[in-house]
Structures are given as C-alpha cells and as structure tokens.
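What follows is a single structure, written as structure tokens, with notes after it.
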Amino acid sequence: MRLDLTILIPHLGFLAEGALLTLEACALALIGSVILGMLVAIARTSSSKWISRLAFLYVDLFRNIPFIVQLFFFYYGLPEIGIYIDAFTTGVVALSIAGGAYASDAIRAGILAIDNGILEAAEVSGLSKRVTFTRIVLPIALRTSVRPLGSVLINMILTSSILSTITLNELTGQAKIVASDTFRPFEVYVVLLVVYAALTYLVSLGITLLHRRLNRDLQEQVS
Amino acid sequence: GMLDDIRGRNVVRIGVSLGGEPIGFRDDQNNPVGYDVDVANMIATKLGVPVEFTDVSGDARISMLVSGQLDIVVANTSATLERAKSVNFTIPYNRAGLRVIVQADSGITDLAGLAGKKIVVGRGTTGETFIKTAVPTAELVYVDQFAPDGVLQLQQKRVDAAIEDSSLLDYLATKNPSLVTIPGLYSNDPISIAVAKGDPEFVRWLDMFVSDYIQSGAYAANYKKWWGETANPPELIALW
Amino acid sequence: MLKVENVKKAFGPVTVLDGVNLTVNPGEVVSILGSSGSGKSTLIRCINGLEKLNAGKITVDDFDVSKPKELAEARKRSGTVFQLFNLYPHMTALQNITLAPIEVLKRPKAEAEAEGRALLTQVGLGDRADAYPAQLSGGQRQRVGICRALAMKPRYLLLDEVTSALDPEMTSEVLDILAKLAKDGTTMVFVTHEIEFARQISNRIVFLEKGVLLVDLPTEKFFAADGGLAQPRVAQFLSKMRKD
Amino acid sequence: MLKVENVKKAFGPVTVLDGVNLTVNPGEVVSILGSSGSGKSTLIRCINGLEKLNAGKITVDDFDVSKPKELAEARKRSGTVFQLFNLYPHMTALQNITLAPIEVLKRPKAEAEAEGRALLTQVGLGDRADAYPAQLSGGQRQRVGICRALAMKPRYLLLDEVTSALDPEMTSEVLDILAKLAKDGTTMVFVTHEIEFARQISNRIVFLEKGVLLVDLPTEKFFAADGGLAQPRVAQFLSKMRKD
Amino acid sequence: MRFAEFTPYDIVLLLQGLGVTVGLFLITSLIGLLVGVLWGVVRFYRIPVLMQLVTFVSEILKNSPVLVQLFLVFFGFPAFFHVNVTPVQAAIVTLSANTAAFVYVIAVSSIESIGRDQVEAARVFGLSRWQVLRHVIAPQAAAFSIGPLTALLVNQLQVTSLISVIGVLDLAKIGATLNLRTLKPFIVWTAVGILYYLAAKAVASLGAWAEKRLRAHSAFRGL
Ligand SMILES: Nc1ncnc2c1ncn2[C@@H]1O[C@H](COP(=O)(O)OP(=O)(O)OP(=O)(O)O)[C@@H](O)[C@H]1O
Ligand SMILES: Nc1ncnc2c1ncn2[C@@H]1O[C@H](COP(=O)(O)OP(=O)(O)OP(=O)(O)O)[C@@H](O)[C@H]1O
Ligand SMILES: [Mg+2]
Ligand SMILES: [Mg+2]
C-alpha cells in the first residue's frame with residue numbers, strides 16, 4: 001500500500017476540533033495542577049506531621065495507579081456512589097489531580113533546592129516566616145521549577161489521549177473515528193503521532209523561552 | 001487459498017465482538033460466549049481446526065480483516081454497501097435493525113424526541129452513521145464498546161438514549177426495567193460474516209456454511225438459546 | 001553591649017563551644033581568630049540566634065537571644081554579613097537591601113530605597129543598584145551584603161570570614177570598606193583569616209581553640225612577644241598563617 | 001625535553017595563549033606564575049593534549065602532541081595532577097592509582113598494586129589504600145592524585161594549582177611531598193599561587209600575562225631587583241600576592 | 001444480566017490479569033533496558049548517522065502518546081505493511097520501544113553527570129574511550145541511574161494498562177470485563193487500582209533495595 005496522506009484532507013477540520021479540545025483540557029488542567037501542586041508542596045514541607053503525611057499519601061496514590069484506572073474510577077465508579085461529573089470535567093479534574101501529584105514534586109524540589117544560607121540571611125534580618133515564604137522561597141522555587149513543570153505539561157498533553165476512553169472526542173478520539181471511517185489506520189495514526197510530537201515540541205520551546213526569560217537575571221554573566 | 005492457509009496453520013482466527021449480551025460477552029471464567037461465539041465455534045468445527053478468538057471493537061473489525069490479522073469476523077457486522085467496498089460478506093446469518101433505547105422516565109417516544117438529547121453510539125458503527133443524518137441535533141457520546149461503557153452510562157442515567165442493534169437492545173430492555181426501547185426499527189440490516197477480499201472460494205465455502213446453518217435448524221436453536229424460547233428468529237433465506 | 005556569658009554549644013556528642021565569655025562594647029572592633037573547626041562560625045551563629053545554646057546566655061543590649069520575642073529585638077540591633085554573601089538571587093542589589101527595612105522596620109518604600117541607594121553609593125556601587133547578584137563580581141556582591149546588614153542600622157555588625165570566598169583583588173575592595181566603617185565607629189565582631197588586616201582595624205583580638213576562648217587581648221598586646229605570642233598555640237597559629 | 005614552540009590558542013574570538021615558547025629540560029622544576037585568566041591552566045591543558053592548538057607545536061621527548069598516535073606516547077611520558085584532584089569516586093585510592101598502569105601500560109595487576117601501595121606509603125597513606133576518595137581529607141586526596149600521576153612513571157609532572165582547593169594545613173602536607181619529589185630530581189611544570197614555595201623549589205620561574213610569556217628567568221634572578229622585579233607587572237603581581 | 005454477581009473465581013481472574021501485566025512489564029523492561037543502553041553507547045561513541053537516528057526516534061517516542069503508538073503498531077502496521085500483529089506482539093514492541101527511549105535519556109544524562117574532569121583525567125593517563133567507558137563511566141553511571149530508572153519503571157508499569165485498549169487481557173482489561181458482567185465499576189476499579197498500587201510499590205522497593213546495594217558496594221558516602 002502507498003502512503004497516501006491526501007485521504008486525510010477532508011477530515012482535517014474534524015481533527016482540528018479534537019486538537020482544540022485537547023488543548024482546552026490541558027490548559028485548564030495545567031492551571032489546576034500547578035495550584036494543587038503548590039498547595040501540596042507547601043503541605044509536604046509543612047511542620048505538621050499529619051498534613052505532610054496526608055499530602056504524601058495523595059502524591060503516592062496518584063503516582064502509583066495508572067491514569068486510565070483513575071479515569072475509569074472517576075467516570076464510571078463515582079456515579080455508583082452518587083457523584084456525577086460530566087466527561088469533560090472528569091477529564092480535566094483527573095488530569096489536574098494526577099498532574100498535581102507530579103507538579104508538587106517539581107515545586108517541592110525547587111523549594112528544597114534553595115540555598116540554606118539564603119534562608120538564614122532572611123532569618124537574621126528578622127523577616128517573618130510568611131514574608132520569607134512569599135517573597136523569597138516561592139519566587140525562587142517557581143523560577144527554578146519552570147522546566148520540570150514544563151515536563152508535567154508535556155506529559156499531560158500525552159496523557160490526555162487517554163481521555164478518548166471516556167467518550168471525549170479530543171484529538172485521539174476524533175482520529176479513531178476517522179480511522180474507522182476511512183479504514184486507513186496507518187495514515188491516521190502516523191499523522192497523529194507527528195501532530196502530538198510537534199505539539200509537545202512547540203510547548204517545550206515555549207518552556208525554554210519562559211525559563212530563559214524568568215531566569216535571565218539569575219544567570220552568571222560570562223564576560 | 002484461505003482454506004489451505006487455515007488448515008496449514010491449524011487454527012482459525014476469528015474476530016468476535018465481546019461488547020454486548022447476548023451477541024458476545026465473557027462468562028464468569030472469562031471465556032467468550034454468546035450467539036456470535038457459538039456461530040464462530042460451529043465454523044471452526046466444520047473447518048476441523050481450533051479457534052482463536054480476538055475481541056474486536058467497532059472501529060477495528062474491518063481494518064483487522066483488511067490487514068490480514070483475522071481470517072473471519074463474526075462480530076454482529078451489518079453488511080453495508082460502504083463496507084462491502086473493503087471486505088467481502090457472506091449471506092446473512094442473522095438480521096437486526098437499529099433500535100433506540102431510552103430512559104423509561106425520559107418520556108421520549110420517537111426519533112424526533114431525541115433532538116438535543118445525549119445518545120450513546122459506538123465509534124464507527126452503523127448507529128453512528130444513521131443518527132448523524134436522522135437526528136443531526138442530537139449530542140453524540142462516543143464509546144469504543146457498547147458494553148460495558150454504553151450500558152453503564154445508560155444505567156447511571158448520564159445519557160438519555162442509546163442506538164444499537166435491536167439484537168442487543170431488546171435483550172437489554174428485558175433485563176433492565178428502567179430502560180425501554182422505542183418502537184420501530186430504523187433499518188433491517190443483514191448481519192453477515194465478513195472476510196478479506198480476494199478469495200471467492202472462501203466466501204463460497206462460508207455461504208454454504210451459513211445456508212447449512214439456517215436449513216439444519218441450528219439457526220433457530222441458537223437464536224432461541226440466546227434470546228429465549230419464545231423469541232421469534234427473523235426469517236433468513238438459505239442460498240443452497 | 002553585646003554579652004556572651006559562659007556559652008556552651010554541642011552538636012550531638014561533639015562540644016563545639018565550651019564556656020565562652022565575651023563582651024563587646026559599642027564602638028569596639030573585635031576580631032576572632034582561631035584554626036579551622038575551632039568554633040568561630042558557631043559562635044557568630046549563636047549570637048544571631050541561628051543556633052540554640054546548650055548552656056549560658058547571650059544578650060544583645062540586654063535582649064536575651066534564647067527568648068523568641070527578645071531575639072526579634074536583638075536581631076534588629078545586629079546585622080550579619082555572610083561568608084558566601086547569601087544574597088537573594090531573584091532581587092536586585094537595591095531590593096536585597098530594602099527588603100528587611102520595608103518588611104521588618106515598616107519603613108516607607110521610597111525612604112528605604114533612598115537610603116539603600118545612599119549606602120550603595122557609599123561603597124562605590126551607586127550605579128549598580130538595579131543589577132542582580134549574578135551580574136555582580138564577588139567583591140561587589142559582598143559589598144551589597146554589607147549594605148544589606150547596614151540598612152537595618154544595626155548597633156553590632158557580625159562578620160564571618162566575609163572575604164574568604166573572594167580572590168585577592170576583591171578581598172582588598174571589601175577590606176577597604178570595612179576599614180572605613182571601623183574608623184567611622186561601627187561596632188564589629190569579625191571572624192577572619194586576614195591577620196594583618198585584623199591587626200590594623202581591631203581594638204581587641206580573641207583567640208578560640210577547640211571551643212575555648214584562650215586569649216582575649218587588646219590588639220597590640222596580642223601580637224606582643226610577652227602577650228598573645230607567649231601562648232604556644234597562638235604563636236604556632238600565627239606562624240602558619242604567615243607562611244607565604 | 002618538553003618543548004613548547006610558538007603556541008597559539010584561542011577560544012572563539014579570545015586569544016588565550018599568544019606565541020608561547022618554553023623548554024623544560026629533564027630534572028628541571030619550572031614554576032608558572034601569572035594572574036587569574038592569564039592562561040596558565042590552558043598552557044598545561046595544551047601540553048597534555050586536552051586542548052587543540054591553533055598554531056605552534058608542543059613536543060614531549062620529540063612526540064608531537066597534536067598527532068593522536070604520538071599524543072598517546074607523550075601522555076605515557078607525562079603525568080598530570082589536577083587542581084580539583086579529579087579522582088574516580090567509585091574506586092579506592094589504590095584502584096585510582098593502578099587503573100592506568102594496568103589498562104594502559106598493561107602491567108600485571110599484582111605488580112601495579114604493589115607499586116601503588118609503595119607510592120602511597122611514601123606519601124604517608126600506606127594505611128589508607130582501600131579508602132574511597134570521599135573518605136579522605138582534601139590533602140590526602142591530593143596526595144592520591146599525585147601518586148596516580150607518579151604511578152605512570154612519567155618523566156614530566158604537570159601540576160596545575162594543586163593546592164588551591166586545600167586549606168592551609170593540607171596545603172603544607174602536599175607542598176612537603178612536592179618538595180621531596182623535586183629534591184629527588186623529578187621534572188616538574190608547576191602552576192601555583194604559592195610564591196614562597198615556588199621560590200624554594202623551582203629552578204626557573206616563568207611569568208605569563210594575558211597569554212604572553214613575559215619573563216623566563218632562573219629563580220634567583222626572578223626575585224632580584226634587577227631581574228623579574230624590574231618588570232612593573234611582575235613587581236605589582238608579587239606585591240599583591242604578599243599583601244598578607 | 002446473565003452473570004451479574006461477583007464470584008470467587010473473579011479473584012483468579014484478577015490475579016491472571018496481574019500476571020499478564022507483570023509478565024509483559026518484565027519482558028518489555030528488559031528489552032527496553034538493553035536497547036536503550038545500546039542507544040546510549042551509540043551516542044557515547046558519536047557514531048555519525050546512527051546517533052542522529054537514535055536521537056530522532058527517541059524524541060518521537062517520548063513526545064507522542066503511548067496510546068497512539070499502540071494504535072499505530074496494532075492497527076496501522078498490519079494495514080500498511082501486511083504483517084500480522086497480535087495484541088501481545090503490538091504491546092511488546094510498543095512498550096519496549098517506549099521504555100528504550102526513556103532509558104536512553106537516563107543513560108545519556110547519567111553519562112553526562114560524570115564530571116568532564118574525571119574523563120579528562122582518565123584520558124590524560126592514556127585510557128582509550130572504551131576503557132574510560134568501562135572503568136570510569138559505567139560503574140558510576142549505573143549507581144547514578146538506578147534512582148531515575150526505578151522511577152521510570154514504576155511509570156512504565158502503569159503505562160502497560162493502556163494495552164487493555166487493544167484487547168490484551170491484562171489487569172485493566174480484566175477490570176473492564178468484570179464491569180461488563182457485574183456493572184459495578186466502583187468496586188472493580190478500586191480493586192484494580194489497589195493491585196496496581198501494590199505492584200508499583202513492589203517495583204519501587206526493589207529499586208530502592210538495588211540502589212542501597214549498589215551504593216553499599218562501592219561505599220562512597222560523600223557523593
Ligand atoms: N550543624 C552542625 N552539626 C554538627 N557539627 C557541626 C555543625 N556545625 C559545625 N559543626 C562542627 O563544629 C565545629 C566548629 O565548627 P565552626 O564552623 O564553628 O568552625 P570555624 O571555627 O568557623 O571553622 P572555619 O575556620 O573552618 O570556618 C566543627 O568541628 C564542625 O564540624
Ligand atoms: N573552554 C574555554 N572556553 C572559553 N574560554 C576559556 C576556556 N577555558 C579558558 N578560557 C579563558 O581563557 C582564559 C585563560 O584561562 P586559564 O584557565 O588558562 O587561566 P589561568 O591563568 O589558569 O587562571 P586561574 O589562575 O584563574 O586558574 C580565561 O580568560 C578564560 O576565561
Ligand atoms: Mg567558619
Ligand atoms: Mg587555572
């Protein structure tokens with residue numbers, strides 16, 4: 001068989017709709033997971049044993065159970081105990097929760113990487129814990145975790161393909177329909193692969209730019 | 001030809017759809033069972049070789065034949081002119097119309113009532129094609145397999161309706177009091193065995209098999225086995 | 001008055017400070033000498049409350065640093081300059097300097113900035129106020145570190161080997177600034193390896209050895225043959241330091 | 001004989017070595033002085049073939065280091081001791097020392113180990129042969145680094161600021177070893193900031209400034225008022241170095 | 001429904017599913033490790049064309065969803081190249097390649113983590129590239145990479161759940177078929193989730209054990 005990509009031309013608009021849904025879900029889930037990740041990172045560095053233990057449990061659970069199982073649990077399992085959430089919201093929430101577990105690790109690492117001397121400098125200057133955290137710890141941690149957070153986002157885009165299993169017609173879901181309409185799965189999935197790779201490549205380019213912008217002033221100048 | 005290939009390999013690879021009772025599903029030992037599975041087993045017996053089942057979902061069954069991953073598909077496949085461009089069909093071994101099932105308390109009684117409602121369809125099934133033209137305003141909810149995904153959504157009342165073959169939905173309605181089918185079949189499709197193009201002899205052999213299946217009474221017996229003693233098997237015409 | 005009374009400090013089984021007594025009067029410049037591991041940094045860290053004491057008492061203008069509320073007061077009265085500068089990397093030189101005055105002393109931003117700029121100008125960094133630490137040389141960073149401590153108008157300046165991370169050229173930059181401060185009457189407690197420099201600027205020199213304050217003498221006396229040098233450990237230490 | 005002839009080396013637009021000539025005869029100890037960034041390390045790295053030359057030629061006993069095959073020979077004849085030790089952290093002191101003799105010189109393991117142990121004993125580390133680098137002090141690590149170079153029985157020993165990562169006590173440990181080696185007639189090229197020490201052990205001192213070899217004089221001459229000190233740059237450099 | 005209730009045999013089914021999951025995980029991890037390390041060596045030696053090819057392939061594999069890769073191999077390859085691909089074969093090929101891509105990244109970064117200083121030292125003493133790789137880099141890289149590798153493998157264990165979508169009877173697929181019969185997704189997905197969690201924990205503690213042993217063996221405390 002010849003590789004004939006022209007057969008996909010009539011379906012491009014249809015696929016673009018799916019890509020839009022993918023991006024929408026990922027953008028929302030990114031916001032969700034960074035907020036969640038920040039809270040959990042704070043909780044995990046908290047001095048209260050119970051809070052930090054709870055936060056750890058959350059991270060541990062959602063990192064060690066396959067996303068597809070989490071998703072099925074949320075979408076098909078929860079209604080059994082009376083909790084109904086529509087497919088799109090389920091997808092965004094599930095991505096946020098799973099992403100939050102990874103984001104919290106990235107942010108926590110950023111916090112822990114802060115030089116102790118800087119914290120001591122703040123302490124002896126008489127800065128309160130709150131000021132030290134909001135003015136010094138968090139700004140530095142977020143700057144240094146831009147890259148790891150970027151990989152969380154990229155991972156999220158890839159993971160979002162699984163949302164097709166709970167009736168969402170995001171990019172992969174639409175592609176499946178096209179594949180069954182055209183009986184040309186090879187062309188469809190090759191193109192899909194390239195589209196995802198291009199998408200994540202663009203995202204990682206963006207991350208690099210953002211990282212550079214934010215850390216511009218922290219770089220030693222090579223003279 | 002394919003017949004020699006199968007005998008040479010000493011196994012026949014049959015695709016069945018295990019996505020709905022009573023057509024095809026798994027028993028509590030995880031073995032495939034159902035109307036289609038019985039038909040497939042009979043084919044294997046007549047061929048004199050053991051069978052290897054593959055569970056094919058709606059969008060895969062045609063392409064897996066084309067690509068040579070399967071020898072035969074007995075998966076509740078409607079023989080449509082569109083599909084016949086890609087694969088060969090035997091004479092029908094079953095018939096089914098498209099049926100719509102709705103929540104009993106939804107008050108929907110006909111197709112017009114589906115406008116703007118949520119309807120479960122299988123990706124790449126005839127139901128999807130039909131509803132898109134018949135009720136363009138309906139909101140389609142896509143699943144890869146009607147069961148359990150579609151059934152669960154109906155049961156959890158997250159959708160208003162579903163469209164599938166009558167053979168599946170009639171059965172579902174009898175088992176589930178909160179669901180009712182709305183009257184009328186939206187097609188009367190021949191359900192056929194599908195094979196890859198390029199081997200007329202093999203199609204001919206399968207045609208003879210189906211004819212024998214109908215005439216020998218195996219058809220009626222199998223139908224009643226799965227849909228109940230009182231069920232009325234649709235009339236099928238043997239070719240031979 | 002800064003008073004260290006009979007202070008003991010141990011890390012686990014290791015005793016690092018063993019009954020140290022030290023009094024620093026306003027206007028004095030006291031240098032602390034001692035070999036590596038003798039407890040100099042630990043003493044500084046005890047004074048600014050970064051380490052808890054095992055026994056004894058430290059007061060800064062009569063505020064006991066072991067009591068959290070008084071510690072806050074004590075810290076307002078003392079400023080620390082660190083060996084590794086420890087500047088906030090995401091803030092400009094000026095922001096580094098004004099953060100504590102604004103947040104702790106609640107000074108109005110404009111005032112704090114004006115004072116900060118004045119301090120920077122004083123140390124020759126008037127035009128680098130908006131540079132980030134990474135854009136400054138080591139000596140410049142350390143000068144910002146000194147300004148950060150001075151911005152709180154402390155009565156006591158604690159300095160822990162503030163030049164040891166600098167190369168010779170930058171060291172002299174920073175020492176010049178410190179000499180000027182000393183002449184202007186700033187009270188300083190000064191841990192250093194620059195013996196020649198200590199001799200020039202301090203009123204008193206104390207010598208720590210294995211957590212014990214062996215010698216506490218006016219500078220001249222310390223370097224005199226019948227003073228500090230009479231102590232074999234001090235003589236040995238000084239001879240090694242001046243090898244090259 | 002180690003010969004550096006008219007060597008030029010640039011990193012991109014920056015010229016780091018600009019026509020350097022240097023000859024080191026067997027048995028000589030040559031110290032290289034110069035301010036930071038003057039190209040001392042680069043010169044050493046050119047000699048052991050870690051950097052490619054832009055122009056000129058370096059030969060070690062007539063083996064041209066710019067030719068891969070000859071470089072291998074040249075490397076067998078010269079050993080390098082690094083500023084940051086660069087020991088293999090996953091190997092014991094002894095393994096660090098014997099790796100190259102076994103793998104490159106194809107010495108039998110037992111022999112290489114016996115010699116390695118002898119070397120370690122010579123530098124006072126006989127009982128630390130099985131310690132990992134992380135378990136050794138800085139001075140001890142540097143001594144292992146020296147043994148590692150000596151184990152190859154090199155005719156030329158290249159040393160690049162081998163004590164600058166050490167504290168004063170450890171520095172003197174290492175310098176003692178080097179002085180002994182010099183007395184035993186080892187040929188050395190020695191980059192250092194320890195001027196006093198350079199004076200004591202070297203036969204010749206060369207002074208690099210911005211990639212140019214400004215001065216190349218016998219040691220006595222170098223420190224004489226009408227010799228090296230007649231050069232303003234050298235005088236300035238020495239005065240700064242000896243400030244404390 | 002016909003077989004609506006849970007039966008004791010379901011436990012056997014779940015364990016069978018777990019067996020398939022673990023089996024495929026082991027096979028694909030092993031292949032992935034071998035292939036990934038081989039790619040790493042190609043990169044270390046800077047073999048011209050091969051090195052670019054390896055980088056490209058691993059980028060594509062890392063930057064597209066595993067689900068799409070599975071579809072491409074299972075549906076696309078047979079349609080295009082007319083080869084027969086069973087679900088299990090598709091799973092093995094896809095997961096192995098995917099693991100290899102990430103192992104490659106870990107291999108490269110752990111090689112790079114070893115200071116250039118050390119490599120230079122070894123080169124100055126006349127060791128060849130191969131000798132440097134064998135004696136200096138490999139032992140340290142192994143110790144360095146065991147942590148990231150464990151994290152990767154825990155992740156890959158979860159990725160195996162996606163093969164249920166192409167019909168492999170793994171743990172996730174058993175979950176789906178139990179649902180088809182019982183229509184009780186809450187219990188089913190909870191049970192499946194716990195089994196995955198336990199399996200992930202087992203892999204993680206195995207990794208921790210290996211790390212401890214490797215470190216104890218070479219006993220570098222300060223590193
Ligand atoms: N947090 C700590 N935990 C355990 N031991 C410590 C700690 N901080 C310091 N020590 C030990 O206390 C002793 C004194 O350390 P300190 O840093 O005060 O010495 P120092 O006189 O400042 O030396 P240097 O001149 O090298 O800076 C050392 O033996 C050190 O190892
Ligand atoms: N790999 C490199 N790329 C670009 N520039 C380099 C490189 N290595 C060294 N340089 C530059 O070459 C010049 C000389 O460096 P070199 O390390 O030889 O100086 P040095 O005399 O050893 O100084 P120091 O006493 O500080 O070690 C410096 O300006 C340095 O920045
Ligand atoms: Mg100290
Ligand atoms: Mg150098």
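Each chain in the structure tokens gets a letter, A, B, ..., in the order shown, and its residues are numbered from 1; ligands are numbered from 1 in order too.
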
(message) Within 9 Å of ligand 4 (counting only C-alpha atoms and all ligand atoms), which residues show up? I'd like them as JSON, numbers by chain.
(response) {"D": [36, 37, 38, 39, 40, 41, 42, 44, 83, 160, 161, 191, 192]}

(request) Kindly determine which residues of chain C lie within 12 Å of chain D, considering only C-alpha atoms, and give the answer as a ChimeraX atom specification. (result) /C:35-37,164-165,167-172,193-200,236-244

For the residues in that selection, give me C-alpha atoms as a short mmCIF file (atom, residue, chain, number, x, y, z; two decimals), in the first residue's frame.
data_model
loop_
_atom_site.label_atom_id
_atom_site.label_comp_id
_atom_site.auth_asym_id
_atom_site.auth_seq_id
_atom_site.Cartn_x
_atom_site.Cartn_y
_atom_site.Cartn_z
CA SER C 35 42.06 27.50 63.41
CA SER C 36 39.51 25.75 61.26
CA GLY C 37 36.85 23.99 63.30
CA SER C 164 37.40 34.16 52.23
CA ALA C 165 35.29 33.47 49.13
CA ASP C 167 40.07 36.47 45.21
CA PRO C 168 42.88 38.76 46.41
CA GLU C 169 41.84 41.74 44.35
CA MET C 170 38.24 41.62 45.54
CA THR C 171 39.33 40.97 49.09
CA SER C 172 41.09 44.28 49.23
CA HIS C 193 41.94 34.79 58.50
CA GLU C 194 43.41 38.08 57.37
CA ILE C 195 45.65 38.59 60.34
CA GLU C 196 47.38 41.65 59.02
CA PHE C 197 44.07 43.27 58.45
CA ALA C 198 42.75 42.28 61.86
CA ARG C 199 45.78 43.89 63.38
CA GLN C 200 45.08 47.11 61.55
CA GLN C 236 52.12 28.37 66.14
CA PHE C 237 48.92 29.58 64.54
CA LEU C 238 50.37 32.91 63.53
CA SER C 239 53.50 31.34 62.09
CA LYS C 240 51.46 29.02 59.92
CA MET C 241 49.17 31.79 58.73
CA ARG C 242 52.05 33.91 57.58
CA LYS C 243 53.97 31.22 55.82
CA ASP C 244 53.64 32.94 52.45
#

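Residues in contact range of Gly49 (chain C), defined as at most 9 Å between only C-alpha atoms, with sequence neighbours fewer than 2 positions away removed, read Val124 of chain A; Ile44, Arg45, Cys46, Ile47, Glu51, Lys52, Leu53, Val65, Ser66, Leu71, Ala74 and Arg75 of chain C.
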
(request) Please return, as JSON, numbers by chain, all residues of chain A lying within 10 Å of chain E when only C-alpha atoms are considered. (result) {"A": [1, 2, 3, 60, 61, 62, 63, 64, 65, 66, 67, 68, 69, 70, 71, 72, 73, 74, 75, 76, 77, 78, 79, 80, 81, 154, 155, 156, 157, 158, 159, 160, 161, 162, 164, 165, 172, 175, 176, 179, 183, 184, 185, 186, 187, 188, 189, 190, 191, 192, 193, 194, 195, 196, 197, 198, 199, 200, 201]}

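We find atom 11 (C, counted along the ligand's line) of ligand 1 and CA of Val7 (chain C) to be spaced 15.4 Å apart.
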
(request) Determine which residues of region 76-230 of chain B receive a DSSP assignment of helix (DSSP H, G or I), computed from the backbone, and state them as a PyMOL selection string. (result) chain B and resi 81-84+104-106+111-114+126-134+146-155+166-175+200-215+218-227

(request) Starting from chain B, keep only residues with some atom at most 6 Å from an atom of chain A, counting only C-alpha atoms, and report them as a PyMOL selection string. (result) chain B and resi 59+63+123-124+141-143

Could you please take those selected residues and save C-alpha atoms as a compact mmCIF listing (two decimals), in the first residue's frame?
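So the final result, stored in again-v4.txt, reads:
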# COMPACT_ATOMS: atom_id res chain seq x y z
CA ASP B 59 -13.81 0.56 14.63
CA SER B 63 -9.37 -2.89 9.26
CA ARG B 123 -17.34 4.77 17.28
CA GLY B 124 -17.55 3.57 13.70
CA VAL B 141 -21.50 10.31 23.23
CA TYR B 142 -18.84 8.04 21.79
CA VAL B 143 -17.78 4.72 23.28

(message) What are the residues of chain E lining chain D at 12 Å or less? Count only C-alpha atoms, and put the answer as an MDAnalysis selection string.
(response) chainID E and resid 114:132 134:144 214:223

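Residues surrounding Arg83 (chain B) within 12 Å are Ser180, Asp181, Thr182 and Phe183 of chain A; Asp59, Arg61, Ile62, Ser63, Leu65, Val66, Thr77, Ser78, Ala79, Thr80, Leu81, Lys85, Ser86, Val87, Asn88, Phe89, Gly124, Thr125, Thr126, Ser192, Ala194, Val195, Ala196 and Lys197 of chain B [only C-alpha atoms; sequence separation below 2 positions excluded].
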